[in-house]
Amino acid sequence: MSSSAVAPGSPHREERARRRLALIGGSLGNLVEWYDWFVYASFAIYFADSFFPGDNPTTQLLNTAGIFAVGFLMRPVGGWILGRAADRHGRKSALTLTVTMMSVAALMIAVAPTYGQAGYFGALVLLLARLLQGLSIGGEYAASATYLTEASARDRRGLGSSFQYVSMTCGQLLGLGILITMQHTLTAAQLSSWGWRIPFALGALFAVVVFWLRRRLQETDAFKEESAQAEEGGARDDGARGSLKALWQHRRQAGLVMALTLGGTVAYYTYTTYLTKYLVGSAGLPKTTATLVSFTALALFAVLQPFAGMLSDRIGRRPLLITFAVGCTLGTYPIMTALGSADSYWSALGLSLLALVIVTGYTSINAAVKAELFPTRVRALGVALPYAVANALFGGTAEYVALWFKSGGHEKMFFWYVSGCALVSLVTYVLMPDTRDAALSRAEAAGADAAGGGAASAKAGAGAAR
């Protein structure tokens, strides 16, 4: 009797506590990383003229959007360097390194001199900081996606990985919340003069706290299993982990990651970072109203992610991906056209929510899908590099392309551009296999076989065993 009173799952309790810590550590760190990344876009309308003089607001925003896009060009480099580090030295060490780099970059922006103080030197500091942020984010996405997926129970990976976009969105909400608070406590002149520096200084401080938190994380079982096998196999086997040569052996999966990312990343950045500028510049809404629309829509968007993740654990990943791609392909033009005519908070909010509900089919599960495509020895690099390349080419340039079309008088061409990207991903989703039942380690594959999974589970575990 005493044993049954003690046994109720004390190991289960420990396991749940470990998974909770992993979820909190991975998510909070990801939140701060993406806060620092997105706060640049949120405050660009206030600091653009500090670094780029002139009388044309669109031109100033084009310059800041260009630096925003340049940050994405470093993401493949960061994905390669930090993805390799995560596959060779552990997810935890990579996560700690990324948040350190982001803290330094945020501090650089906070103290960057304006054009009036140092000419274009301030823009150069801004550029260097964005390059460092690009390196950091390039590794952060893969390390957190891999960590959250591997640290989740097999039947809850969709739910666990959905917290990547929950934390990403909460990071953006934190930035928007600070912006809204400052809009109501500072004048527009104060915001443009010095107020925009505050969120970057806070980002550097937040990162220091997260650094301490991530130091307490435990490594995932899948990585520890792979490390043990690499030690048994000797230096030759260990040297292949996280290498481009090992990734080349899984080039089909890498191509899938690029194709399935294409539509999702363009749609996500269109309806998040670009939305506020679009509502201000095209719909003519006040900056405060546009910011509040973005904040409310993103808050509800974050709440949706775990529910969609849980749904994918029950019905599979492909149905959600296909629903997103169909909705984005057919719905972008009418939604964006209607948003351009929105004349109130409620009409803009309703349309923004409709768009983000569609995008949820991609954002809630894409981390799990990508991680489930690769074996442990190259999983972080396999997620990082092709994803970062797709983001550099399409996600980071989405805002720039939109403003470029607008400056040329063909704004609606951008809507077709977004739809076309979604169509490419739709074809990919239809043709690719569902990854929900993939085993991420040999232990998972063996457990599924023991539970009666048979040949199907053995097949699912083949990727982990390679």
# chains A, B, ... in the order shown; residues from 1 in each chain; ligands from 1
$ residues_around --residues "A:Gly395" --least-positions-apart "2" --cutoff "6 Å" --atoms "only C-alpha atoms" --output "JSON, numbers by chain"
{"A": [265, 266, 391, 397, 398]}
$ write_last_selection --atoms "C-alpha atoms" --output "mmCIF file, in the first residue's frame"
data_model
loop_
_atom_site.group_PDB
_atom_site.id
_atom_site.type_symbol
_atom_site.label_atom_id
_atom_site.label_comp_id
_atom_site.auth_asym_id
_atom_site.auth_seq_id
_atom_site.Cartn_x
_atom_site.Cartn_y
_atom_site.Cartn_z
ATOM 1 C CA THR A 265 7.500 32.620 -44.232
ATOM 2 C CA VAL A 266 6.243 35.138 -46.815
ATOM 3 C CA ASN A 391 13.932 33.006 -45.133
ATOM 4 C CA THR A 397 12.654 40.411 -48.336
ATOM 5 C CA ALA A 398 8.837 40.299 -48.074
#
$ residues_around --residues "A:Ala384" --least-positions-apart "2" --cutoff "8 Å" --atoms "only C-alpha atoms" --output "list of chain:residue names"
A:Pro76, A:Gly79, A:Trp80, A:Gly83, A:Gly138, A:Gly139, A:Tyr141, A:Ala142, A:Ala143, A:Ala380, A:Leu381, A:Gly382, A:Pro386, A:Tyr387, A:Ala388
$ closest_residue --among "A:Ala367, A:Leu179, A:Leu353, A:Met101" --to "A:Ile335" --atoms "only C-alpha atoms"
A:Leu353
$ closest_residue --among "A:Leu285, A:Arg442, A:Thr220, A:Pro334" --to "A:Gly90" --atoms "only C-alpha atoms"
A:Thr220
$ select_by_dssp --residues "stretch 104-344 of chain A" --states "helix (DSSP H, G or I)" --output "MDAnalysis selection string"
chainID A and resid 104:110 115:118 121:150 154:185 188:195 197:214 221:233 235:239 244:248 251:271 275:281 287:315 318:340
$ residues_around --residues "stretch 289-295 of chain A" --least-positions-apart "4" --cutoff "10 Å" --atoms "only C-alpha atoms" --output "JSON list (two decimals) with C-alpha atoms, in the first residue's frame"
[["chain", "number", "residue", "atom", "x", "y", "z"],
["A", 42, "SER", "CA", 8.09, 47.61, -34.83],
["A", 169, "THR", "CA", 4.68, 35.83, -31.23],
["A", 170, "CYS", "CA", 4.87, 36.70, -27.54],
["A", 172, "GLN", "CA", 6.64, 40.38, -30.89],
["A", 173, "LEU", "CA", 3.75, 41.19, -28.54],
["A", 174, "LEU", "CA", 6.19, 42.26, -25.86],
["A", 175, "GLY", "CA", 7.77, 44.65, -28.32],
["A", 176, "LEU", "CA", 4.38, 45.96, -29.47],
["A", 177, "GLY", "CA", 3.22, 46.27, -25.84],
["A", 179, "LEU", "CA", 5.58, 50.45, -28.15],
["A", 180, "ILE", "CA", 1.93, 51.02, -27.20],
["A", 183, "GLN", "CA", 3.08, 55.88, -27.52],
["A", 271, "TYR", "CA", 0.70, 39.64, -41.76],
["A", 272, "THR", "CA", 3.01, 40.42, -38.84],
["A", 273, "THR", "CA", 5.97, 42.75, -39.39],
["A", 274, "TYR", "CA", 4.59, 44.44, -42.52],
["A", 275, "LEU", "CA", 0.99, 44.70, -41.32],
["A", 276, "THR", "CA", 1.45, 47.82, -39.17],
["A", 277, "LYS", "CA", 3.20, 49.71, -41.98],
["A", 278, "TYR", "CA", 0.54, 48.62, -44.46],
["A", 279, "LEU", "CA", -2.30, 49.79, -42.25],
["A", 280, "VAL", "CA", -0.57, 53.15, -41.76],
["A", 283, "ALA", "CA", -5.16, 52.11, -45.28],
["A", 284, "GLY", "CA", -4.37, 55.48, -43.69],
["A", 285, "LEU", "CA", -5.00, 54.39, -40.10],
["A", 299, "ALA", "CA", -2.30, 37.91, -29.04],
["A", 300, "LEU", "CA", -5.18, 35.80, -30.36],
["A", 301, "PHE", "CA", -2.84, 34.25, -32.93],
["A", 344, "SER", "CA", -11.64, 51.41, -38.39],
["A", 345, "TYR", "CA", -9.99, 49.36, -35.68],
["A", 346, "TRP", "CA", -12.62, 46.60, -35.82],
["A", 347, "SER", "CA", -12.63, 46.09, -39.58],
["A", 348, "ALA", "CA", -8.81, 45.95, -39.66],
["A", 349, "LEU", "CA", -8.75, 43.57, -36.70],
["A", 350, "GLY", "CA", -11.29, 41.18, -38.22],
["A", 352, "SER", "CA", -6.04, 40.57, -39.77],
["A", 353, "LEU", "CA", -7.39, 37.75, -37.62]]
$ closest_residue --among "A:Lys406, A:Thr270, A:Leu431, A:Lys412" --to "A:Leu356" --atoms "only C-alpha atoms"
A:Thr270
$ closest_residue --among "A:Ser419, A:Ser364, A:Thr376, A:Ser50" --to "A:Gln229" --atoms "only C-alpha atoms"
A:Thr376
$ closest_residue --among "A:Asp49, A:Gly281, A:Pro113, A:Glu225" --to "A:Leu339" --atoms "only C-alpha atoms"
A:Gly281
$ closest_residue --among "A:Ile24, A:Ala445, A:Val99, A:Ala390" --to "A:Leu260" --atoms "only C-alpha atoms"
A:Ala390
$ atom_distance --atom1 "atom CA of A:Val166" --atom2 "atom CA of A:Tyr40"
19.1 Å
